[in-house]
file target_17.cif (mmCIF, C-alpha atoms, pLDDT in the B column; chains and numbers go by the auth columns)
data_work
loop_
_atom_site.group_PDB
_atom_site.id
_atom_site.type_symbol
_atom_site.label_atom_id
_atom_site.label_comp_id
_atom_site.label_asym_id
_atom_site.label_seq_id
_atom_site.Cartn_x
_atom_site.Cartn_y
_atom_site.Cartn_z
_atom_site.B_iso_or_equiv
_atom_site.auth_seq_id
_atom_site.auth_asym_id
ATOM 1 C CA MET A 1 -31.178 16.369 21.151 44.00 24 D
ATOM 2 C CA LYS A 2 -31.225 13.610 18.566 51.00 25 D
ATOM 3 C CA LYS A 3 -32.339 14.966 15.179 55.00 26 D
ATOM 4 C CA HIS A 4 -34.922 12.983 13.262 57.00 27 D
ATOM 5 C CA PRO A 5 -34.946 14.129 9.632 64.00 28 D
ATOM 6 C CA GLY A 6 -37.349 12.209 7.450 80.00 29 D
ATOM 7 C CA ILE A 7 -39.440 10.926 10.348 89.00 30 D
ATOM 8 C CA ASN A 8 -43.105 11.460 9.595 93.00 31 D
ATOM 9 C CA THR A 9 -44.970 9.451 12.232 96.00 32 D
ATOM 10 C CA ILE A 10 -44.767 8.849 15.952 97.00 33 D
ATOM 11 C CA ASP A 11 -44.231 5.142 15.249 97.00 34 D
ATOM 12 C CA GLU A 12 -41.139 5.997 13.186 96.00 35 D
ATOM 13 C CA TYR A 13 -39.909 8.364 15.903 97.00 36 D
ATOM 14 C CA ILE A 14 -40.268 5.775 18.674 97.00 37 D
ATOM 15 C CA SER A 15 -38.679 2.995 16.634 96.00 38 D
ATOM 16 C CA SER A 16 -35.556 5.142 16.139 95.00 39 D
ATOM 17 C CA PHE A 17 -34.600 4.586 19.816 96.00 40 D
ATOM 18 C CA GLN A 18 -33.227 1.578 21.674 95.00 41 D
ATOM 19 C CA GLU A 19 -35.733 -0.827 23.197 96.00 42 D
ATOM 20 C CA GLU A 20 -35.757 0.514 26.782 95.00 43 D
ATOM 21 C CA ARG A 21 -36.461 4.053 25.572 96.00 44 D
ATOM 22 C CA GLN A 22 -39.121 2.747 23.202 97.00 45 D
ATOM 23 C CA LYS A 23 -41.003 1.192 26.137 97.00 46 D
ATOM 24 C CA ILE A 24 -41.046 4.503 27.996 97.00 47 D
ATOM 25 C CA LEU A 25 -42.080 6.478 24.912 98.00 48 D
ATOM 26 C CA LYS A 26 -44.871 3.999 24.165 98.00 49 D
ATOM 27 C CA LYS A 27 -46.227 4.329 27.730 98.00 50 D
ATOM 28 C CA LEU A 28 -46.192 8.100 27.422 98.00 51 D
ATOM 29 C CA ARG A 29 -47.894 8.000 24.031 99.00 52 D
ATOM 30 C CA GLU A 30 -50.626 5.635 25.264 98.00 53 D
ATOM 31 C CA THR A 31 -51.244 7.803 28.328 99.00 54 D
ATOM 32 C CA ILE A 32 -51.683 10.875 26.139 99.00 55 D
ATOM 33 C CA LYS A 33 -53.976 8.996 23.730 98.00 56 D
ATOM 34 C CA ARG A 34 -56.182 7.787 26.590 98.00 57 D
ATOM 35 C CA ALA A 35 -56.397 11.289 28.059 98.00 58 D
ATOM 36 C CA ALA A 36 -57.192 12.876 24.682 98.00 59 D
ATOM 37 C CA PRO A 37 -58.700 10.218 22.408 98.00 60 D
ATOM 38 C CA GLU A 38 -59.904 12.855 19.948 97.00 61 D
ATOM 39 C CA ALA A 39 -56.390 14.250 19.472 98.00 62 D
ATOM 40 C CA GLU A 40 -54.478 13.839 16.232 98.00 63 D
ATOM 41 C CA GLU A 41 -50.949 12.460 16.340 98.00 64 D
ATOM 42 C CA LYS A 42 -48.340 14.280 14.319 97.00 65 D
ATOM 43 C CA ILE A 43 -44.677 15.160 14.091 96.00 66 D
ATOM 44 C CA SER A 44 -43.990 18.853 14.611 94.00 67 D
ATOM 45 C CA TYR A 45 -40.576 20.436 15.110 92.00 68 D
ATOM 46 C CA GLN A 46 -39.169 16.892 14.689 93.00 69 D
ATOM 47 C CA MET A 47 -41.012 15.773 17.852 96.00 70 D
ATOM 48 C CA PRO A 48 -44.146 13.742 18.503 98.00 71 D
ATOM 49 C CA ALA A 49 -47.111 16.015 19.109 98.00 72 D
ATOM 50 C CA PHE A 50 -50.791 15.646 19.848 98.00 73 D
ATOM 51 C CA ALA A 51 -53.192 18.223 18.472 98.00 74 D
ATOM 52 C CA TYR A 52 -56.789 19.001 19.317 97.00 75 D
ATOM 53 C CA LYS A 53 -57.988 22.477 18.422 94.00 76 D
ATOM 54 C CA GLY A 54 -54.281 23.344 18.393 95.00 77 D
ATOM 55 C CA ILE A 55 -51.257 21.596 19.856 96.00 78 D
ATOM 56 C CA LEU A 56 -51.901 19.927 23.209 98.00 79 D
ATOM 57 C CA VAL A 57 -48.443 18.581 24.031 98.00 80 D
ATOM 58 C CA TYR A 58 -45.134 17.571 22.503 98.00 81 D
ATOM 59 C CA PHE A 59 -42.688 15.016 23.857 98.00 82 D
ATOM 60 C CA ALA A 60 -39.150 13.981 22.997 97.00 83 D
ATOM 61 C CA ALA A 61 -36.515 11.537 24.160 96.00 84 D
ATOM 62 C CA GLN A 62 -33.374 13.375 25.201 95.00 85 D
ATOM 63 C CA ALA A 63 -30.027 11.991 26.343 93.00 86 D
ATOM 64 C CA ASN A 64 -30.872 11.988 30.066 94.00 87 D
ATOM 65 C CA HIS A 65 -34.611 12.550 30.225 97.00 88 D
ATOM 66 C CA ILE A 66 -37.949 12.616 28.447 98.00 89 D
ATOM 67 C CA GLY A 67 -38.942 16.154 27.576 98.00 90 D
ATOM 68 C CA PHE A 68 -42.674 16.787 27.962 99.00 91 D
ATOM 69 C CA TYR A 69 -43.917 20.101 26.599 98.00 92 D
ATOM 70 C CA PRO A 70 -47.452 21.031 27.696 98.00 93 D
ATOM 71 C CA GLY A 71 -46.926 24.805 27.585 96.00 94 D
ATOM 72 C CA ALA A 72 -46.296 27.452 30.221 96.00 95 D
ATOM 73 C CA GLU A 73 -49.887 27.689 31.466 96.00 96 D
ATOM 74 C CA ALA A 74 -50.024 23.967 32.294 97.00 97 D
ATOM 75 C CA ILE A 75 -46.662 24.156 34.075 97.00 98 D
ATOM 76 C CA GLU A 76 -47.995 27.005 36.206 96.00 99 D
ATOM 77 C CA ILE A 77 -51.328 25.295 36.978 96.00 100 D
ATOM 78 C CA PHE A 78 -49.639 22.015 37.969 98.00 101 D
ATOM 79 C CA LYS A 79 -46.640 23.655 39.668 96.00 102 D
ATOM 80 C CA GLU A 80 -47.204 21.923 43.022 97.00 103 D
ATOM 81 C CA ASP A 81 -47.553 18.472 41.457 98.00 104 D
ATOM 82 C CA LEU A 82 -44.460 19.045 39.330 98.00 105 D
ATOM 83 C CA THR A 83 -42.105 19.952 42.188 97.00 106 D
ATOM 84 C CA PRO A 84 -40.350 16.529 42.082 96.00 107 D
ATOM 85 C CA TYR A 85 -39.370 17.184 38.448 97.00 108 D
ATOM 86 C CA GLU A 86 -37.154 19.653 36.689 96.00 109 D
ATOM 87 C CA THR A 87 -39.266 22.269 34.917 96.00 110 D
ATOM 88 C CA SER A 88 -38.824 25.439 32.953 93.00 111 D
ATOM 89 C CA LYS A 89 -41.264 27.596 31.037 91.00 112 D
ATOM 90 C CA GLY A 90 -43.438 25.132 29.129 94.00 113 D
ATOM 91 C CA THR A 91 -41.209 22.097 29.790 97.00 114 D
ATOM 92 C CA VAL A 92 -41.030 19.166 32.201 98.00 115 D
ATOM 93 C CA ARG A 93 -38.047 16.821 32.273 98.00 116 D
ATOM 94 C CA PHE A 94 -38.758 13.281 33.417 98.00 117 D
ATOM 95 C CA SER A 95 -35.622 11.336 34.335 96.00 118 D
ATOM 96 C CA TYR A 96 -35.198 7.869 32.880 95.00 119 D
ATOM 97 C CA GLU A 97 -34.274 6.741 36.406 93.00 120 D
ATOM 98 C CA LYS A 98 -37.826 7.170 37.758 94.00 121 D
ATOM 99 C CA PRO A 99 -41.171 5.841 36.514 96.00 122 D
ATOM 100 C CA LEU A 100 -43.221 8.303 34.494 97.00 123 D
ATOM 101 C CA PRO A 101 -45.990 9.966 36.569 98.00 124 D
ATOM 102 C CA LEU A 102 -48.686 8.690 34.212 98.00 125 D
ATOM 103 C CA ASP A 103 -51.650 9.952 36.269 98.00 126 D
ATOM 104 C CA LEU A 104 -50.160 13.438 36.412 98.00 127 D
ATOM 105 C CA ILE A 105 -49.401 13.400 32.684 99.00 128 D
ATOM 106 C CA SER A 106 -53.003 12.372 32.022 99.00 129 D
ATOM 107 C CA GLN A 107 -54.319 15.228 34.181 98.00 130 D
ATOM 108 C CA ILE A 108 -52.112 17.727 32.355 98.00 131 D
ATOM 109 C CA VAL A 109 -53.253 16.491 28.938 99.00 132 D
ATOM 110 C CA LYS A 110 -56.921 16.668 29.991 98.00 133 D
ATOM 111 C CA PHE A 111 -56.322 20.212 31.218 98.00 134 D
ATOM 112 C CA ARG A 112 -54.817 21.100 27.828 98.00 135 D
ATOM 113 C CA VAL A 113 -57.879 19.668 26.019 98.00 136 D
ATOM 114 C CA ILE A 114 -60.193 21.847 28.121 96.00 137 D
ATOM 115 C CA SER A 115 -57.924 24.854 27.668 94.00 138 D
ATOM 116 C CA ASN A 116 -57.859 24.464 23.877 94.00 139 D
ATOM 117 C CA ARG A 117 -61.663 24.063 23.767 91.00 140 D
ATOM 118 C CA GLU A 118 -62.104 27.237 25.805 88.00 141 D
ATOM 119 C CA LYS A 119 -59.705 29.169 23.581 81.00 142 D
ATOM 120 C CA GLU A 120 -61.606 28.025 20.494 70.00 143 D
ATOM 121 C CA THR A 121 -64.909 29.143 22.054 70.00 144 D
ATOM 122 C CA LEU A 122 -63.440 32.565 22.811 64.00 145 D
ATOM 123 C CA ARG A 123 -62.328 32.947 19.181 64.00 146 D
ATOM 124 C CA LYS A 124 -65.893 32.456 17.920 58.00 147 D
#

call {"tool": "encode", "arguments": {"input": "target_17.cif", "output": "structure tokens"}}
result
Amino acid sequence: MKKHPGINTIDEYISSFQEERQKILKKLRETIKRAAPEAEEKISYQMPAFAYKGILVYFAAQANHIGFYPGAEAIEIFKEDLTPYETSKGTVRFSYEKPLPLDLISQIVKFRVISNREKETLRK
């Protein structure tokens, strides 16, 4: 994993990669923003993150894939849809060789928004 000390914004993070990776990261970012327009962008654990009533998702460019981190519950809920991709607890790995599944990513982010809202309601 490429370390990004001193990076404070998602723009800075994306611009630290070569152009082809930047295009992919920008598509992912825009998909997340459209799915969760109320979410705040931030850098957390040296990765881009989107937060709304808590962290929704993280993402990161790795050597051979894009890591997408929506949490274990989302991975379980979308298990069937995620079968074409490598997953582990809380993580999906999208190969650079295939187009990002933008509709699926959007569905997962929307699920996370609802999940975070429900968790906040339960805390009250």

call {"tool": "atom_distance", "arguments": {"input": "target_17.cif", "atom1": "atom CA of D:Gly90", "atom2": "atom CA of D:Ser129"}}
result
15.2 Å

call {"tool": "residues_near_point", "arguments": {"input": "target_17.cif", "point": "(-56.1, 22.0, 15.3)", "cutoff": "10 Å", "atoms": "all atoms listed in the file", "output": "list in words"}}
result
Ala62, Glu63, Phe73, Ala74, Tyr75, Lys76, Gly77, Ile78, Leu79, Asn139 and Glu143 of chain D

call {"tool": "residues_near_point", "arguments": {"input": "target_17.cif", "point": "(-44.1, 22.7, 28.3)", "cutoff": "6 Å", "atoms": "only C-alpha atoms", "output": "PDB file with C-alpha atoms, in the frame of the given file"}}
result
ATOM      1  CA  TYR D  92     -43.917  20.101  26.599  1.00 98.00           C
ATOM      2  CA  PRO D  93     -47.452  21.031  27.696  1.00 98.00           C
ATOM      3  CA  GLY D  94     -46.926  24.805  27.585  1.00 96.00           C
ATOM      4  CA  ALA D  95     -46.296  27.452  30.221  1.00 96.00           C
ATOM      5  CA  GLY D 113     -43.438  25.132  29.129  1.00 94.00           C
ATOM      6  CA  THR D 114     -41.209  22.097  29.790  1.00 97.00           C
TER       7      THR D 114
END

call {"tool": "closest_residue", "arguments": {"input": "target_17.cif", "among": "D:Ile131, D:Ile55, D:Leu125, D:Ala84", "to": "D:Phe101", "atoms": "all atoms listed in the file"}}
result
D:Ile131

call {"tool": "residues_around", "arguments": {"input": "target_17.cif", "residues": "D:Tyr108", "least_positions_apart": "6", "cutoff": "7 Å", "atoms": "all atoms listed in the file", "output": "list in words"}}
result
Val115, Arg116 and Phe117 of chain D

call {"tool": "residues_around", "arguments": {"input": "target_17.cif", "residues": "D:Glu35", "least_positions_apart": "2", "cutoff": "12 Å", "atoms": "only C-alpha atoms", "output": "PDB file with C-alpha atoms, in the coordinates of the input"}}
result
ATOM      1  CA  HIS D  27     -34.922  12.983  13.262  1.00 57.00           C
ATOM      2  CA  PRO D  28     -34.946  14.129   9.632  1.00 64.00           C
ATOM      3  CA  GLY D  29     -37.349  12.209   7.450  1.00 80.00           C
ATOM      4  CA  ILE D  30     -39.440  10.926  10.348  1.00 89.00           C
ATOM      5  CA  ASN D  31     -43.105  11.460   9.595  1.00 93.00           C
ATOM      6  CA  THR D  32     -44.970   9.451  12.232  1.00 96.00           C
ATOM      7  CA  ILE D  33     -44.767   8.849  15.952  1.00 97.00           C
ATOM      8  CA  ILE D  37     -40.268   5.775  18.674  1.00 97.00           C
ATOM      9  CA  SER D  38     -38.679   2.995  16.634  1.00 96.00           C
ATOM     10  CA  SER D  39     -35.556   5.142  16.139  1.00 95.00           C
ATOM     11  CA  PHE D  40     -34.600   4.586  19.816  1.00 96.00           C
ATOM     12  CA  GLN D  45     -39.121   2.747  23.202  1.00 97.00           C
ATOM     13  CA  LEU D  48     -42.080   6.478  24.912  1.00 98.00           C
ATOM     14  CA  LYS D  49     -44.871   3.999  24.165  1.00 98.00           C
ATOM     15  CA  LYS D  65     -48.340  14.280  14.319  1.00 97.00           C
ATOM     16  CA  ILE D  66     -44.677  15.160  14.091  1.00 96.00           C
ATOM     17  CA  GLN D  69     -39.169  16.892  14.689  1.00 93.00           C
ATOM     18  CA  MET D  70     -41.012  15.773  17.852  1.00 96.00           C
ATOM     19  CA  PRO D  71     -44.146  13.742  18.503  1.00 98.00           C
TER      20      PRO D  71
END

call {"tool": "atom_distance", "arguments": {"input": "target_17.cif", "atom1": "atom CA of D:Thr144", "atom2": "atom CA of D:Tyr81"}}
result
22.9 Å

call {"tool": "atom_distance", "arguments": {"input": "target_17.cif", "atom1": "atom CA of D:Pro60", "atom2": "atom CA of D:Phe91"}}
result
18.2 Å

call {"tool": "resolve_selection", "arguments": {"input": "target_17.cif", "expression": "the PyMOL selection byres ((chain D and resi 132) around 10)", "output": "list in words"}}
result
Thr54, Ile55, Lys56, Arg57, Ala58, Ala59, Phe73, Leu79, Val80, Pro93, Ala97, Asp126, Leu127, Ile128, Ser129, Gln130, Ile131, Lys133, Phe134, Arg135, Val136, Ile137 and Ser138 of chain D

call {"tool": "write_last_selection", "arguments": {"input": "target_17.cif", "atoms": "C-alpha atoms", "output": "PDB file, in the coordinates of the input"}}
result
ATOM      1  CA  THR D  54     -51.244   7.803  28.328  1.00 99.00           C
ATOM      2  CA  ILE D  55     -51.683  10.875  26.139  1.00 99.00           C
ATOM      3  CA  LYS D  56     -53.976   8.996  23.730  1.00 98.00           C
ATOM      4  CA  ARG D  57     -56.182   7.787  26.590  1.00 98.00           C
ATOM      5  CA  ALA D  58     -56.397  11.289  28.059  1.00 98.00           C
ATOM      6  CA  ALA D  59     -57.192  12.876  24.682  1.00 98.00           C
ATOM      7  CA  PHE D  73     -50.791  15.646  19.848  1.00 98.00           C
ATOM      8  CA  LEU D  79     -51.901  19.927  23.209  1.00 98.00           C
ATOM      9  CA  VAL D  80     -48.443  18.581  24.031  1.00 98.00           C
ATOM     10  CA  PRO D  93     -47.452  21.031  27.696  1.00 98.00           C
ATOM     11  CA  ALA D  97     -50.024  23.967  32.294  1.00 97.00           C
ATOM     12  CA  ASP D 126     -51.650   9.952  36.269  1.00 98.00           C
ATOM     13  CA  LEU D 127     -50.160  13.438  36.412  1.00 98.00           C
ATOM     14  CA  ILE D 128     -49.401  13.400  32.684  1.00 99.00           C
ATOM     15  CA  SER D 129     -53.003  12.372  32.022  1.00 99.00           C
ATOM     16  CA  GLN D 130     -54.319  15.228  34.181  1.00 98.00           C
ATOM     17  CA  ILE D 131     -52.112  17.727  32.355  1.00 98.00           C
ATOM     18  CA  LYS D 133     -56.921  16.668  29.991  1.00 98.00           C
ATOM     19  CA  PHE D 134     -56.322  20.212  31.218  1.00 98.00           C
ATOM     20  CA  ARG D 135     -54.817  21.100  27.828  1.00 98.00           C
ATOM     21  CA  VAL D 136     -57.879  19.668  26.019  1.00 98.00           C
ATOM     22  CA  ILE D 137     -60.193  21.847  28.121  1.00 96.00           C
ATOM     23  CA  SER D 138     -57.924  24.854  27.668  1.00 94.00           C
TER      24      SER D 138
END

call {"tool": "closest_residue", "arguments": {"input": "target_17.cif", "among": "D:Ala83, D:Glu61, D:Lys50, D:Ser111", "to": "D:Glu96", "atoms": "only C-alpha atoms"}}
result
D:Ser111

call {"tool": "axis_aligned_box", "arguments": {"input": "target_17.cif", "around": "stretch 62-72 of chain D", "padding_each_side": "8 Å", "output": "JSON"}}
result
{"center_x": -47.8, "center_y": 16.4, "center_z": 16.8, "size_x": 33.2, "size_y": 24.0, "size_z": 21.4}

call {"tool": "closest_residue", "arguments": {"input": "target_17.cif", "among": "D:Asp34, D:Tyr68, D:Asn87, D:Gln41", "to": "D:Glu53", "atoms": "only C-alpha atoms"}}
result
D:Asp34

call {"tool": "decode", "arguments": {"input": "target_17.cif", "residues": "stretch 37-106 of chain D", "atoms": "C-alpha atoms", "output": "tab-separated table (two decimals), in the first residue's frame"}}
result
chain	number	residue	atom	x	y	z
D	37	ILE	CA	-6.03	11.25	-6.16
D	38	SER	CA	-3.45	13.57	-7.71
D	39	SER	CA	-0.65	11.49	-6.15
D	40	PHE	CA	-1.35	8.68	-8.67
D	41	GLN	CA	-0.65	8.33	-12.38
D	42	GLU	CA	-3.33	9.54	-14.78
D	43	GLU	CA	-5.05	6.19	-15.50
D	44	ARG	CA	-5.48	5.50	-11.78
D	45	GLN	CA	-6.70	9.05	-11.23
D	46	LYS	CA	-9.52	8.50	-13.74
D	47	ILE	CA	-10.69	5.39	-11.91
D	48	LEU	CA	-10.45	7.04	-8.49
D	49	LYS	CA	-12.38	10.08	-9.74
D	50	LYS	CA	-15.19	7.84	-11.07
D	51	LEU	CA	-15.38	6.05	-7.75
D	52	ARG	CA	-15.41	9.31	-5.81
D	53	GLU	CA	-18.16	10.80	-7.99
D	54	THR	CA	-20.26	7.65	-7.64
D	55	ILE	CA	-19.99	7.81	-3.86
D	56	LYS	CA	-20.81	11.54	-3.83
D	57	ARG	CA	-23.92	11.00	-5.96
D	58	ALA	CA	-25.08	8.15	-3.73
D	59	ALA	CA	-24.47	10.12	-0.53
D	60	PRO	CA	-24.57	13.84	-1.35
D	61	GLU	CA	-24.82	14.75	2.33
D	62	ALA	CA	-21.60	12.90	3.18
D	63	GLU	CA	-18.43	14.70	4.19
D	64	GLU	CA	-15.19	13.88	2.40
D	65	LYS	CA	-12.15	13.31	4.55
D	66	ILE	CA	-8.86	11.48	4.81
D	67	SER	CA	-8.82	8.85	7.54
D	68	TYR	CA	-6.14	6.21	8.06
D	69	GLN	CA	-4.36	7.82	5.07
D	70	MET	CA	-7.29	6.86	2.80
D	71	PRO	CA	-10.18	8.76	1.26
D	72	ALA	CA	-13.31	8.35	3.35
D	73	PHE	CA	-16.89	9.54	3.25
D	74	ALA	CA	-18.68	10.18	6.52
D	75	TYR	CA	-22.34	10.65	7.32
D	76	LYS	CA	-23.35	9.96	10.91
D	77	GLY	CA	-20.11	7.98	11.05
D	78	ILE	CA	-17.88	6.56	8.33
D	79	LEU	CA	-19.76	5.25	5.30
D	80	VAL	CA	-16.91	3.91	3.19
D	81	TYR	CA	-13.18	4.20	2.59
D	82	PHE	CA	-11.35	3.53	-0.66
D	83	ALA	CA	-7.71	3.24	-1.66
D	84	ALA	CA	-5.63	2.58	-4.75
D	85	GLN	CA	-3.45	-0.48	-4.25
D	86	ALA	CA	-0.83	-1.98	-6.55
D	87	ASN	CA	-3.21	-4.37	-8.33
D	88	HIS	CA	-6.68	-3.22	-7.33
D	89	ILE	CA	-8.89	-0.55	-5.81
D	90	GLY	CA	-9.73	-1.38	-2.23
D	91	PHE	CA	-13.30	-0.44	-1.29
D	92	TYR	CA	-14.13	-0.68	2.41
D	93	PRO	CA	-17.86	-0.50	3.20
D	94	GLY	CA	-17.70	-2.65	6.35
D	95	ALA	CA	-18.54	-6.26	7.11
D	96	GLU	CA	-22.32	-5.80	7.26
D	97	ALA	CA	-22.45	-4.38	3.72
D	98	ILE	CA	-20.24	-7.19	2.42
D	99	GLU	CA	-22.64	-9.72	3.93
D	100	ILE	CA	-25.80	-7.99	2.64
D	101	PHE	CA	-24.41	-7.68	-0.91
D	102	LYS	CA	-22.63	-11.06	-0.89
D	103	GLU	CA	-24.44	-12.37	-3.98
D	104	ASP	CA	-23.73	-9.24	-6.03
D	105	LEU	CA	-20.09	-9.27	-4.95
D	106	THR	CA	-19.32	-12.84	-6.04
